[in-house]
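> Next comes the structure file entry-v4.pdb, holding PDB, C-alpha atoms and all ligand atoms.
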ATOM      1  CA  MET A   1      49.979 144.239 -25.255
ATOM      2  CA  THR A   2      46.216 143.734 -25.731
ATOM      3  CA  GLN A   3      44.196 142.413 -22.824
ATOM      4  CA  ASN A   4      41.394 139.866 -23.277
ATOM      5  CA  PRO A   5      37.987 141.373 -22.415
ATOM      6  CA  PRO A   6      36.640 140.072 -19.083
ATOM      7  CA  ARG A   7      34.565 136.915 -19.480
ATOM      8  CA  PRO A   8      30.865 137.240 -18.715
ATOM      9  CA  ARG A   9      29.935 135.929 -15.274
ATOM     10  CA  ILE A  10      27.160 133.357 -15.501
ATOM     11  CA  ALA A  11      25.341 131.651 -12.632
ATOM     12  CA  LEU A  12      24.494 128.011 -13.389
ATOM     13  CA  LEU A  13      21.454 126.985 -11.346
ATOM     14  CA  THR A  14      20.903 123.221 -11.320
ATOM     15  CA  THR A  15      17.557 121.563 -10.578
ATOM     16  CA  GLY A  16      17.939 118.029 -12.001
ATOM     17  CA  GLY A  17      16.543 116.561 -15.225
ATOM     18  CA  THR A  18      17.788 114.172 -17.898
ATOM     19  CA  ILE A  19      20.691 116.542 -18.555
ATOM     20  CA  ALA A  20      22.079 115.428 -15.164
ATOM     21  CA  MET A  21      21.090 111.744 -15.264
ATOM     22  CA  THR A  22      22.921 108.571 -16.167
ATOM     23  CA  ALA A  23      21.676 104.983 -16.362
ATOM     24  CA  GLN A  24      22.408 103.191 -13.116
ATOM     25  CA  GLY A  25      23.036  99.471 -13.556
ATOM     26  CA  GLY A  26      20.118  98.758 -15.880
ATOM     27  CA  ARG A  27      17.621 100.568 -13.636
ATOM     28  CA  GLY A  28      17.098 103.493 -16.011
ATOM     29  CA  GLY A  29      18.164 107.114 -15.684
ATOM     30  CA  GLN A  30      18.792 108.521 -12.195
ATOM     31  CA  LEU A  31      20.216 111.865 -11.144
ATOM     32  CA  ALA A  32      24.020 111.598 -11.068
ATOM     33  CA  LEU A  33      25.748 114.754 -12.356
ATOM     34  CA  ASP A  34      26.282 117.853 -10.250
ATOM     35  CA  GLY A  35      26.838 121.321 -11.679
ATOM     36  CA  ALA A  36      30.604 120.879 -11.890
ATOM     37  CA  ALA A  37      30.167 117.676 -13.926
ATOM     38  CA  LEU A  38      27.611 119.429 -16.145
ATOM     39  CA  SER A  39      30.058 122.290 -16.774
ATOM     40  CA  ALA A  40      32.825 119.809 -17.508
ATOM     41  CA  SER A  41      30.643 118.248 -20.233
ATOM     42  CA  VAL A  42      31.054 121.396 -22.374
ATOM     43  CA  PRO A  43      34.566 121.488 -23.875
ATOM     44  CA  GLY A  44      36.052 124.990 -23.662
ATOM     45  CA  ILE A  45      33.323 126.269 -21.342
ATOM     46  CA  GLU A  46      35.924 128.449 -19.605
ATOM     47  CA  THR A  47      36.346 130.461 -22.821
ATOM     48  CA  LEU A  48      32.595 131.222 -22.958
ATOM     49  CA  ALA A  49      32.096 132.458 -19.430
ATOM     50  CA  GLU A  50      33.151 132.358 -15.827
ATOM     51  CA  ILE A  51      30.643 129.905 -14.359
ATOM     52  CA  GLU A  52      29.462 129.797 -10.758
ATOM     53  CA  VAL A  53      27.416 126.693  -9.967
ATOM     54  CA  ARG A  54      24.455 127.138  -7.603
ATOM     55  CA  PRO A  55      22.566 123.912  -6.830
ATOM     56  CA  VAL A  56      18.856 124.613  -6.233
ATOM     57  CA  LEU A  57      17.047 121.262  -6.510
ATOM     58  CA  ALA A  58      17.824 117.704  -7.548
ATOM     59  CA  LYS A  59      14.717 115.789  -8.519
ATOM     60  CA  PRO A  60      12.667 114.843 -11.561
ATOM     61  CA  SER A  61      10.585 117.789 -12.718
ATOM     62  CA  ALA A  62       7.275 115.883 -12.517
ATOM     63  CA  SER A  63       7.808 115.899  -8.722
ATOM     64  CA  PHE A  64       8.271 119.680  -8.476
ATOM     65  CA  THR A  65       5.825 121.484  -6.207
ATOM     66  CA  LEU A  66       4.732 125.104  -6.430
ATOM     67  CA  SER A  67       7.189 125.913  -3.646
ATOM     68  CA  ASP A  68       9.945 124.316  -5.730
ATOM     69  CA  LEU A  69       9.007 126.680  -8.563
ATOM     70  CA  GLY A  70       9.047 129.549  -6.079
ATOM     71  CA  ARG A  71      12.489 128.460  -4.894
ATOM     72  CA  ILE A  72      13.857 128.365  -8.465
ATOM     73  CA  ALA A  73      12.343 131.799  -9.129
ATOM     74  CA  ALA A  74      13.898 133.301  -5.981
ATOM     75  CA  ALA A  75      17.311 131.813  -6.815
ATOM     76  CA  ALA A  76      17.065 133.059 -10.417
ATOM     77  CA  GLN A  77      16.048 136.571  -9.347
ATOM     78  CA  GLU A  78      18.899 136.798  -6.848
ATOM     79  CA  ALA A  79      21.445 135.516  -9.376
ATOM     80  CA  ALA A  80      20.167 137.845 -12.121
ATOM     81  CA  GLU A  81      20.926 140.806  -9.853
ATOM     82  CA  MET A  82      24.515 139.616  -9.262
ATOM     83  CA  PHE A  83      25.640 138.055 -12.552
ATOM     84  CA  ASP A  84      25.684 138.969 -16.252
ATOM     85  CA  GLY A  85      23.301 136.124 -16.972
ATOM     86  CA  VAL A  86      21.664 133.053 -15.448
ATOM     87  CA  VAL A  87      21.323 129.529 -16.849
ATOM     88  CA  ILE A  88      18.944 127.054 -15.220
ATOM     89  CA  THR A  89      19.200 123.346 -16.019
ATOM     90  CA  HIS A  90      15.837 121.588 -15.648
ATOM     91  CA  GLY A  91      13.968 118.444 -16.634
ATOM     92  CA  THR A  92      12.082 118.787 -19.889
ATOM     93  CA  ASP A  93       8.892 117.165 -18.586
ATOM     94  CA  THR A  94       7.476 120.195 -16.772
ATOM     95  CA  LEU A  95       9.907 122.825 -18.004
ATOM     96  CA  GLU A  96       7.032 124.778 -19.567
ATOM     97  CA  GLU A  97       5.296 125.233 -16.210
ATOM     98  CA  THR A  98       8.483 126.452 -14.523
ATOM     99  CA  ALA A  99       9.252 128.721 -17.487
ATOM    100  CA  PHE A 100       5.825 130.338 -17.241
ATOM    101  CA  ALA A 101       6.045 130.626 -13.443
ATOM    102  CA  LEU A 102       9.440 132.323 -13.771
ATOM    103  CA  ALA A 103       8.039 134.662 -16.429
ATOM    104  CA  LEU A 104       5.486 135.735 -13.795
ATOM    105  CA  LEU A 105       7.760 135.759 -10.738
ATOM    106  CA  THR A 106      11.018 137.291 -12.009
ATOM    107  CA  ARG A 107      11.908 140.674 -13.471
ATOM    108  CA  ALA A 108      15.493 141.184 -14.613
ATOM    109  CA  GLU A 109      17.572 142.866 -17.291
ATOM    110  CA  ALA A 110      20.127 140.048 -17.160
ATOM    111  CA  PRO A 111      18.979 137.077 -19.246
ATOM    112  CA  ILE A 112      17.483 134.139 -17.331
ATOM    113  CA  VAL A 113      17.754 131.113 -19.624
ATOM    114  CA  MET A 114      16.393 127.630 -18.994
ATOM    115  CA  THR A 115      17.824 124.594 -20.757
ATOM    116  CA  SER A 116      17.561 120.813 -20.605
ATOM    117  CA  ALA A 117      18.249 117.592 -22.473
ATOM    118  CA  MET A 118      16.164 114.862 -24.012
ATOM    119  CA  ARG A 119      19.009 112.324 -24.088
ATOM    120  CA  ARG A 120      21.121 111.402 -21.078
ATOM    121  CA  PRO A 121      24.875 112.074 -21.176
ATOM    122  CA  ASP A 122      25.486 108.313 -21.525
ATOM    123  CA  GLN A 123      23.196 107.948 -24.573
ATOM    124  CA  LEU A 124      24.215 108.263 -28.213
ATOM    125  CA  GLY A 125      23.672 111.793 -29.503
ATOM    126  CA  ALA A 126      23.396 113.291 -26.013
ATOM    127  CA  ASP A 127      22.048 116.829 -26.463
ATOM    128  CA  GLY A 128      22.779 118.259 -23.014
ATOM    129  CA  PRO A 129      26.271 119.679 -23.649
ATOM    130  CA  ALA A 130      25.213 121.477 -26.863
ATOM    131  CA  ASN A 131      22.084 122.837 -25.172
ATOM    132  CA  LEU A 132      24.098 124.016 -22.179
ATOM    133  CA  ALA A 133      26.706 125.700 -24.379
ATOM    134  CA  ALA A 134      23.988 127.467 -26.400
ATOM    135  CA  ALA A 135      22.177 128.543 -23.225
ATOM    136  CA  ILE A 136      25.409 130.019 -21.816
ATOM    137  CA  ARG A 137      25.945 131.952 -25.064
ATOM    138  CA  VAL A 138      22.418 133.367 -24.847
ATOM    139  CA  ALA A 139      22.724 134.191 -21.140
ATOM    140  CA  ALA A 140      25.990 136.030 -21.878
ATOM    141  CA  SER A 141      24.581 137.952 -24.853
ATOM    142  CA  ALA A 142      23.649 141.631 -24.646
ATOM    143  CA  LYS A 143      20.998 140.872 -27.290
ATOM    144  CA  ALA A 144      19.099 138.656 -24.856
ATOM    145  CA  ARG A 145      18.841 141.273 -22.103
ATOM    146  CA  GLY A 146      15.391 142.429 -21.066
ATOM    147  CA  LEU A 147      13.507 139.810 -23.090
ATOM    148  CA  GLY A 148      11.989 137.990 -20.130
ATOM    149  CA  LEU A 149      12.396 134.322 -19.332
ATOM    150  CA  LEU A 150      14.043 132.410 -22.209
ATOM    151  CA  VAL A 151      14.281 128.700 -23.023
ATOM    152  CA  VAL A 152      17.111 127.405 -25.211
ATOM    153  CA  SER A 153      16.846 123.978 -26.791
ATOM    154  CA  ASP A 154      18.209 122.492 -30.022
ATOM    155  CA  ASP A 155      19.774 125.879 -30.921
ATOM    156  CA  GLU A 156      16.387 127.639 -30.745
ATOM    157  CA  ILE A 157      15.519 130.486 -28.360
ATOM    158  CA  HIS A 158      11.932 130.467 -27.052
ATOM    159  CA  VAL A 159      10.072 132.728 -24.629
ATOM    160  CA  GLY A 160       8.640 131.280 -21.431
ATOM    161  CA  ALA A 161       5.180 132.659 -22.120
ATOM    162  CA  LEU A 162       4.764 130.540 -25.279
ATOM    163  CA  VAL A 163       6.960 127.469 -25.128
ATOM    164  CA  ARG A 164       5.586 123.931 -24.722
ATOM    165  CA  LYS A 165       7.090 120.457 -24.763
ATOM    166  CA  THR A 166       5.666 118.853 -27.892
ATOM    167  CA  HIS A 167       7.550 115.575 -28.237
ATOM    168  CA  SER A 168       8.080 112.824 -25.701
ATOM    169  CA  PHE A 169      11.550 111.606 -26.705
ATOM    170  CA  ARG A 170      13.163 113.398 -29.664
ATOM    171  CA  PRO A 171      15.837 116.080 -29.096
ATOM    172  CA  HIS A 172      13.681 118.629 -30.940
ATOM    173  CA  ALA A 173      11.034 118.613 -28.224
ATOM    174  CA  PHE A 174      10.038 122.266 -27.742
ATOM    175  CA  SER A 175       7.763 124.475 -29.779
ATOM    176  CA  SER A 176       6.170 127.899 -29.458
ATOM    177  CA  ALA A 177       3.584 127.079 -32.168
ATOM    178  CA  PRO A 178       1.585 128.721 -33.667
ATOM    179  CA  PHE A 179       4.302 131.344 -33.238
ATOM    180  CA  GLY A 180       7.933 130.279 -33.203
ATOM    181  CA  PRO A 181      11.254 130.663 -31.506
ATOM    182  CA  ILE A 182      12.250 134.309 -31.187
ATOM    183  CA  GLY A 183      15.821 133.550 -32.227
ATOM    184  CA  TRP A 184      18.544 130.947 -32.598
ATOM    185  CA  VAL A 185      22.218 130.173 -31.982
ATOM    186  CA  ALA A 186      24.425 129.429 -35.006
ATOM    187  CA  GLU A 187      28.142 128.668 -34.696
ATOM    188  CA  GLY A 188      27.959 130.320 -31.304
ATOM    189  CA  ARG A 189      26.357 133.520 -32.618
ATOM    190  CA  VAL A 190      23.162 134.595 -30.875
ATOM    191  CA  ARG A 191      20.432 135.955 -33.188
ATOM    192  CA  ILE A 192      17.220 137.536 -31.954
ATOM    193  CA  ALA A 193      14.628 137.899 -34.728
ATOM    194  CA  LEU A 194      11.558 138.852 -32.682
ATOM    195  CA  LYS A 195      10.897 140.603 -29.393
ATOM    196  CA  PRO A 196       7.982 139.501 -27.188
ATOM    197  CA  ALA A 197       5.294 142.100 -26.481
ATOM    198  CA  PHE A 198       3.528 140.381 -23.585
ATOM    199  CA  ASP A 199       2.243 142.242 -20.610
ATOM    200  CA  LEU A 200       2.349 139.497 -17.996
ATOM    201  CA  PRO A 201       1.553 140.401 -14.386
ATOM    202  CA  HIS A 202       4.488 140.435 -11.966
ATOM    203  CA  LEU A 203       3.532 138.155  -9.091
ATOM    204  CA  ALA A 204       5.139 137.276  -5.778
ATOM    205  CA  TYR A 205       5.104 133.792  -4.273
ATOM    206  CA  PRO A 206       4.591 133.918  -0.520
ATOM    207  CA  GLY A 207       4.389 130.126  -0.076
ATOM    208  CA  GLY A 208       1.578 127.595  -0.084
ATOM    209  CA  GLU A 209       0.410 124.834  -2.396
ATOM    210  CA  PRO A 210      -3.047 125.660  -3.772
ATOM    211  CA  VAL A 211      -4.634 122.556  -5.261
ATOM    212  CA  VAL A 212      -5.685 123.223  -8.854
ATOM    213  CA  PRO A 213      -6.399 120.140 -10.984
ATOM    214  CA  ILE A 214      -6.802 120.275 -14.746
ATOM    215  CA  VAL A 215      -9.739 118.351 -16.181
ATOM    216  CA  GLU A 216      -9.774 117.921 -19.938
ATOM    217  CA  ALA A 217     -13.207 117.427 -21.455
ATOM    218  CA  GLY A 218     -14.057 115.937 -24.815
ATOM    219  CA  PRO A 219     -17.519 115.128 -26.039
ATOM    220  CA  GLY A 220     -19.190 114.866 -22.649
ATOM    221  CA  LEU A 221     -18.032 115.676 -19.131
ATOM    222  CA  GLU A 222     -19.783 113.711 -16.408
ATOM    223  CA  PRO A 223     -21.198 116.024 -13.701
ATOM    224  CA  LYS A 224     -20.121 113.532 -11.018
ATOM    225  CA  VAL A 225     -16.467 114.067 -11.977
ATOM    226  CA  VAL A 226     -16.723 117.800 -11.227
ATOM    227  CA  GLU A 227     -18.750 117.113  -8.058
ATOM    228  CA  ALA A 228     -16.129 114.622  -6.827
ATOM    229  CA  LEU A 229     -13.246 117.044  -7.402
ATOM    230  CA  ALA A 230     -14.954 120.101  -5.912
ATOM    231  CA  PRO A 231     -14.264 119.421  -2.197
ATOM    232  CA  ALA A 232     -10.596 118.633  -2.906
ATOM    233  CA  CYS A 233      -9.605 121.700  -4.903
ATOM    234  CA  ASP A 234      -8.899 125.396  -4.266
ATOM    235  CA  GLY A 235      -9.602 126.157  -7.914
ATOM    236  CA  LEU A 236     -10.142 124.236 -11.121
ATOM    237  CA  VAL A 237      -8.970 124.517 -14.718
ATOM    238  CA  VAL A 238     -11.019 122.816 -17.399
ATOM    239  CA  ALA A 239      -9.482 122.322 -20.847
ATOM    240  CA  LEU A 240     -12.423 122.442 -23.203
ATOM    241  CA  PRO A 241     -13.044 121.711 -26.855
ATOM    242  CA  GLY A 242     -12.974 124.598 -29.317
ATOM    243  CA  ALA A 243     -13.255 128.120 -28.002
ATOM    244  CA  GLY A 244     -14.415 126.911 -24.563
ATOM    245  CA  HIS A 245     -17.416 124.586 -24.914
ATOM    246  CA  VAL A 246     -18.533 121.898 -22.474
ATOM    247  CA  ALA A 247     -21.342 119.351 -22.301
ATOM    248  CA  ALA A 248     -24.518 121.157 -21.204
ATOM    249  CA  ALA A 249     -24.967 118.701 -18.305
ATOM    250  CA  ALA A 250     -21.643 119.785 -16.764
ATOM    251  CA  VAL A 251     -22.572 123.482 -16.535
ATOM    252  CA  ALA A 252     -24.499 123.166 -13.252
ATOM    253  CA  PRO A 253     -21.691 121.567 -11.179
ATOM    254  CA  LEU A 254     -19.095 123.885 -12.752
ATOM    255  CA  ALA A 255     -21.269 126.911 -11.941
ATOM    256  CA  ALA A 256     -21.800 125.664  -8.363
ATOM    257  CA  LEU A 257     -18.030 125.391  -7.877
ATOM    258  CA  ALA A 258     -17.433 128.760  -9.580
ATOM    259  CA  ALA A 259     -19.720 130.409  -6.986
ATOM    260  CA  GLU A 260     -17.175 129.442  -4.316
ATOM    261  CA  ARG A 261     -13.772 129.091  -5.983
ATOM    262  CA  PRO A 262     -12.216 130.189  -9.278
ATOM    263  CA  VAL A 263     -13.012 127.914 -12.213
ATOM    264  CA  VAL A 264     -11.019 128.767 -15.332
ATOM    265  CA  PHE A 265     -11.800 127.351 -18.759
ATOM    266  CA  ALA A 266      -9.117 127.113 -21.443
ATOM    267  CA  SER A 267      -9.235 125.970 -25.044
ATOM    268  CA  ARG A 268      -7.737 122.530 -25.533
ATOM    269  CA  THR A 269      -6.874 123.319 -29.187
ATOM    270  CA  GLY A 270      -3.362 124.653 -28.470
ATOM    271  CA  ALA A 271      -3.837 127.963 -30.286
ATOM    272  CA  GLY A 272      -6.086 131.012 -30.402
ATOM    273  CA  GLU A 273      -8.008 132.042 -27.292
ATOM    274  CA  THR A 274     -11.242 131.380 -25.449
ATOM    275  CA  LEU A 275     -14.066 133.326 -27.069
ATOM    276  CA  GLN A 276     -16.540 135.507 -25.181
ATOM    277  CA  ASN A 277     -19.501 136.262 -27.360
ATOM    278  CA  SER A 278     -19.899 133.799 -30.223
ATOM    279  CA  TYR A 279     -21.799 130.697 -29.079
ATOM    280  CA  GLY A 280     -25.101 130.796 -27.230
ATOM    281  CA  PHE A 281     -25.849 127.056 -26.963
ATOM    282  CA  GLY A 282     -25.979 125.270 -23.596
ATOM    283  CA  GLY A 283     -22.380 124.815 -22.429
ATOM    284  CA  GLY A 284     -21.105 127.504 -24.816
ATOM    285  CA  GLU A 285     -18.682 130.169 -23.670
ATOM    286  CA  ILE A 286     -21.429 132.782 -23.299
ATOM    287  CA  GLU A 287     -23.206 130.598 -20.723
ATOM    288  CA  LEU A 288     -19.970 129.655 -18.931
ATOM    289  CA  LEU A 289     -19.003 133.323 -18.517
ATOM    290  CA  ALA A 290     -22.538 134.214 -17.387
ATOM    291  CA  LYS A 291     -22.325 131.469 -14.736
ATOM    292  CA  GLY A 292     -19.140 132.964 -13.294
ATOM    293  CA  LEU A 293     -16.442 130.847 -14.949
ATOM    294  CA  ILE A 294     -13.297 132.691 -16.062
ATOM    295  CA  GLY A 295     -11.884 132.430 -19.591
ATOM    296  CA  ALA A 296      -8.154 131.668 -19.836
ATOM    297  CA  GLY A 297      -7.900 133.817 -22.983
ATOM    298  CA  PRO A 298      -4.746 132.817 -24.893
ATOM    299  CA  LEU A 299      -3.304 130.656 -22.097
ATOM    300  CA  ASP A 300      -3.433 126.895 -22.431
ATOM    301  CA  ALA A 301      -4.652 124.863 -19.469
ATOM    302  CA  ARG A 302      -1.152 124.238 -18.069
ATOM    303  CA  LYS A 303      -0.194 127.889 -18.076
ATOM    304  CA  ALA A 304      -3.635 128.847 -16.749
ATOM    305  CA  ARG A 305      -3.090 126.401 -13.871
ATOM    306  CA  VAL A 306       0.273 127.994 -12.989
ATOM    307  CA  LEU A 307      -1.226 131.498 -13.043
ATOM    308  CA  LEU A 308      -4.220 130.413 -10.957
ATOM    309  CA  GLN A 309      -2.032 128.599  -8.403
ATOM    310  CA  LEU A 310       0.224 131.642  -8.001
ATOM    311  CA  LEU A 311      -2.753 134.006  -7.686
ATOM    312  CA  LEU A 312      -4.371 131.750  -5.060
ATOM    313  CA  ALA A 313      -1.049 131.558  -3.206
ATOM    314  CA  GLU A 314      -1.066 135.369  -3.106
ATOM    315  CA  GLY A 315      -4.526 135.159  -1.506
ATOM    316  CA  ALA A 316      -6.460 136.378  -4.539
ATOM    317  CA  GLY A 317     -10.238 135.996  -4.525
ATOM    318  CA  VAL A 318     -12.388 135.194  -7.557
ATOM    319  CA  GLU A 319     -12.634 138.822  -8.741
ATOM    320  CA  ARG A 320      -8.874 139.405  -8.634
ATOM    321  CA  VAL A 321      -8.373 136.132 -10.522
ATOM    322  CA  ARG A 322     -10.941 137.268 -13.113
ATOM    323  CA  ALA A 323      -9.155 140.602 -13.531
ATOM    324  CA  ALA A 324      -5.738 138.955 -13.849
ATOM    325  CA  PHE A 325      -6.893 136.626 -16.622
ATOM    326  CA  ALA A 326      -8.693 139.491 -18.366
ATOM    327  CA  GLY A 327      -5.430 141.446 -18.361
ATOM    328  CA  ILE A 328      -3.371 138.782 -20.164
TER     329      ILE A 328
HETATM  330  N1  LIG B   1      12.384 113.717 -19.808
HETATM  331  C1  LIG B   1      12.720 114.382 -18.611
HETATM  332  C2  LIG B   1      13.935 115.276 -18.844
HETATM  333  O1  LIG B   1      14.170 115.547 -19.956
HETATM  334  C3  LIG B   1      12.786 113.465 -17.442
HETATM  335  C4  LIG B   1      13.182 114.062 -16.135
HETATM  336  C5  LIG B   1      12.609 115.396 -15.747
HETATM  337  O2  LIG B   1      11.763 116.006 -16.423
HETATM  338  O3  LIG B   1      13.045 115.865 -14.694
HETATM  339  O4  LIG B   1      14.649 115.728 -18.030
END
Can the structure from this file be put into structure tokens for me?
Ligand code: GLU


Amino acid sequence: MTQNPPRPRIALLTTGGTIAMTAQGGRGGQLALDGAALSASVPGIETLAEIEVRPVLAKPSASFTLSDLGRIAAAAQEAAEMFDGVVITHGTDTLEETAFALALLTRAEAPIVMTSAMRRPDQLGADGPANLAAAIRVAASAKARGLGLLVVSDDEIHVGALVRKTHSFRPHAFSSAPFGPIGWVAEGRVRIALKPAFDLPHLAYPGGEPVVPIVEAGPGLEPKVVEALAPACDGLVVALPGAGHVAAAAVAPLAALAAERPVVFASRTGAGETLQNSYGFGGGEIELLAKGLIGAGPLDARKARVLLQLLLAEGAGVERVRAAFAGI
């Protein structure tokens, strides 16, 4: 008599999100489903894996704090050392920040896979069950081991270092453009087409909530805006046009802040990287670097903010922050 192979053991970490919400008496979506109810939404889940539910948080992702991200990372790291794979359910709104934080804070051979939903379980075409099933398949797959933090949505597999939410309501809401997903799930089969080659720093989160606002500039950035923010922040990220160019009038207050606290400039274009040695006009990247600002390189402003917050939480000074961004 042949024996069935043992099912993979998967930890299901729940944090909230649309995937766990239902409409409550005409008042819009509110958190309602626990991990057991989420599991029950996937028919035949018991044939895919042996699931252990571990509740971590239950709130909308726009309310997550840095310590919430640290808590998810600690729970994911612990589970990855005990199980064959880890699935984390999460709100889509700030999933990209948590994904990048987990890419920095966790190191595991076992796959750690985030997933979510754009439509509630009570809406037509609810995408949560399919996303959860695909995420479990990826978390249970030997092919997904050692690839770093993964995000599964709409049958695509993305890496945490690249993925962004790029639509506000459609089920196909995640993109790693200008690159792409590294793989996909088809009829339950997991395919990996590309392997990431990032060298992200491995950080620890000791606690704390460094205040790091993002200011996006367009044509013009009023100096008084930077001056008003300066006393309230531990660091600042500015999302700038092009390769990192700001209104000449804003350089002085940015430089004054950069003398005391890290000021990181990112490109607001969504692709490429901040340049270092191409533009010599007032407010160009050459002047910003000379005045002590730090280029985010290939990171967008949101990912730069996560990295800067985690570095500040570790107690990093300006020079360590500069070195960390230079190493990305
Ligand atoms: N659109 C969000 C979601 O997909 C709302 C809630 C959240 O991000 O937590 O889950």

> Ligand LIG 1 (chain B): which residues are within 10 Å, counting only C-alpha atoms and all ligand atoms, as a PDB file with C-alpha atoms, keeping the file's coordinate frame?


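The result, stored in out.pdb:
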ATOM      1  CA  THR A  15      17.557 121.563 -10.578  1.00  0.00           C
ATOM      2  CA  GLY A  16      17.939 118.029 -12.001  1.00  0.00           C
ATOM      3  CA  GLY A  17      16.543 116.561 -15.225  1.00  0.00           C
ATOM      4  CA  THR A  18      17.788 114.172 -17.898  1.00  0.00           C
ATOM      5  CA  ILE A  19      20.691 116.542 -18.555  1.00  0.00           C
ATOM      6  CA  ALA A  20      22.079 115.428 -15.164  1.00  0.00           C
ATOM      7  CA  MET A  21      21.090 111.744 -15.264  1.00  0.00           C
ATOM      8  CA  GLY A  29      18.164 107.114 -15.684  1.00  0.00           C
ATOM      9  CA  GLN A  30      18.792 108.521 -12.195  1.00  0.00           C
ATOM     10  CA  LEU A  31      20.216 111.865 -11.144  1.00  0.00           C
ATOM     11  CA  ALA A  58      17.824 117.704  -7.548  1.00  0.00           C
ATOM     12  CA  LYS A  59      14.717 115.789  -8.519  1.00  0.00           C
ATOM     13  CA  PRO A  60      12.667 114.843 -11.561  1.00  0.00           C
ATOM     14  CA  SER A  61      10.585 117.789 -12.718  1.00  0.00           C
ATOM     15  CA  ALA A  62       7.275 115.883 -12.517  1.00  0.00           C
ATOM     16  CA  SER A  63       7.808 115.899  -8.722  1.00  0.00           C
ATOM     17  CA  PHE A  64       8.271 119.680  -8.476  1.00  0.00           C
ATOM     18  CA  THR A  89      19.200 123.346 -16.019  1.00  0.00           C
ATOM     19  CA  HIS A  90      15.837 121.588 -15.648  1.00  0.00           C
ATOM     20  CA  GLY A  91      13.968 118.444 -16.634  1.00  0.00           C
ATOM     21  CA  THR A  92      12.082 118.787 -19.889  1.00  0.00           C
ATOM     22  CA  ASP A  93       8.892 117.165 -18.586  1.00  0.00           C
ATOM     23  CA  THR A  94       7.476 120.195 -16.772  1.00  0.00           C
ATOM     24  CA  LEU A  95       9.907 122.825 -18.004  1.00  0.00           C
ATOM     25  CA  THR A 115      17.824 124.594 -20.757  1.00  0.00           C
ATOM     26  CA  SER A 116      17.561 120.813 -20.605  1.00  0.00           C
ATOM     27  CA  ALA A 117      18.249 117.592 -22.473  1.00  0.00           C
ATOM     28  CA  MET A 118      16.164 114.862 -24.012  1.00  0.00           C
ATOM     29  CA  ARG A 119      19.009 112.324 -24.088  1.00  0.00           C
ATOM     30  CA  ARG A 120      21.121 111.402 -21.078  1.00  0.00           C
ATOM     31  CA  GLY A 128      22.779 118.259 -23.014  1.00  0.00           C
ATOM     32  CA  LYS A 165       7.090 120.457 -24.763  1.00  0.00           C
ATOM     33  CA  HIS A 167       7.550 115.575 -28.237  1.00  0.00           C
ATOM     34  CA  SER A 168       8.080 112.824 -25.701  1.00  0.00           C
ATOM     35  CA  PHE A 169      11.550 111.606 -26.705  1.00  0.00           C
ATOM     36  CA  ARG A 170      13.163 113.398 -29.664  1.00  0.00           C
ATOM     37  CA  PRO A 171      15.837 116.080 -29.096  1.00  0.00           C
ATOM     38  CA  ALA A 173      11.034 118.613 -28.224  1.00  0.00           C
TER      39      ALA A 173
END

> Which residues, named as in the file, does the PyMOL selection byres (((chain A and resi 300) around 8) and not hetatm) pick out? Answer as a JSON list (two decimals) with C-alpha atoms, keeping the file's coordinate frame.


[["chain", "number", "residue", "atom", "x", "y", "z"],
["A", 239, "ALA", "CA", -9.48, 122.32, -20.85],
["A", 266, "ALA", "CA", -9.12, 127.11, -21.44],
["A", 267, "SER", "CA", -9.24, 125.97, -25.04],
["A", 268, "ARG", "CA", -7.74, 122.53, -25.53],
["A", 270, "GLY", "CA", -3.36, 124.65, -28.47],
["A", 271, "ALA", "CA", -3.84, 127.96, -30.29],
["A", 296, "ALA", "CA", -8.15, 131.67, -19.84],
["A", 298, "PRO", "CA", -4.75, 132.82, -24.89],
["A", 299, "LEU", "CA", -3.30, 130.66, -22.10],
["A", 301, "ALA", "CA", -4.65, 124.86, -19.47],
["A", 302, "ARG", "CA", -1.15, 124.24, -18.07],
["A", 303, "LYS", "CA", -0.19, 127.89, -18.08],
["A", 304, "ALA", "CA", -3.64, 128.85, -16.75]]

> Hey, which of A:Val53, A:Ala133, A:Ile112, A:Ala255 ends up closest to Ser41 in chain A? Count only C-alpha atoms.

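Selected residue with least distance to Ser41 in chain A: A:Ala133.
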
> Determine the nearest neighbour of Ala252 in chain A from the options A:Leu221, A:Leu147, A:Met114, A:Ala161, counting all atoms listed in the file.

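Checking each candidate against Ala252 in chain A, we get A:Leu221 as the closest.
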
> Within 8 Å of (-23.5, 128.8, -16.2) (file coordinates; all atoms listed in the file), which protein or nucleic acid residues are there? I'd like them as a ChimeraX atom specification.

/A:251-252,254-255,283,287-293

> Translate the PyMOL selection byres (((chain A and resi 201) around 9) and not hetatm) into a concrete residue list for this structure, as a PyMOL selection string.

chain A and resi 103-105+199-200+202-203+324+327-328

> Can you list, as a ChimeraX atom specification, every protein, DNA or RNA residue that comes within 8 Å of range 79-84 of chain A when you count all atoms listed in the file, leaving out same-chain residues fewer than 4 positions away?

/A:8-11,75,108-112,139-140

> Taking only C-alpha atoms into account, which of A:Asn277, A:Ser141, A:Ser176, A:Gln123 comes nearest Leu162 in chain A?

A:Ser176

> CA of Thr47 in chain A and CA of Val159 in chain A are how many Å apart?

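Computing the Euclidean distance for CA of Thr47 in chain A and CA of Val159 in chain A yields 26.4 Å.
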
> Mind telling me what the PyMOL selection byres (((chain A and resi 223) around 8) and not hetatm) catches here, as a VMD selection string?

chain A and resid 221 to 222 224 to 227 249 to 250 252 to 253

> Please indicate the distance in Å from CA of Gly44 in chain A to CA of Lys143 in chain A, rounded to one decimal place.

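Distance between the two atoms: 22.2 Å.
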
> Excluding Phe174 in chain A and its own-chain neighbours fewer than 5 positions away, which residues fall within 9 Å of it when counting all atoms listed in the file? Please give them as a PyMOL selection string.

chain A and resi 92+153-154+156+158+163-167
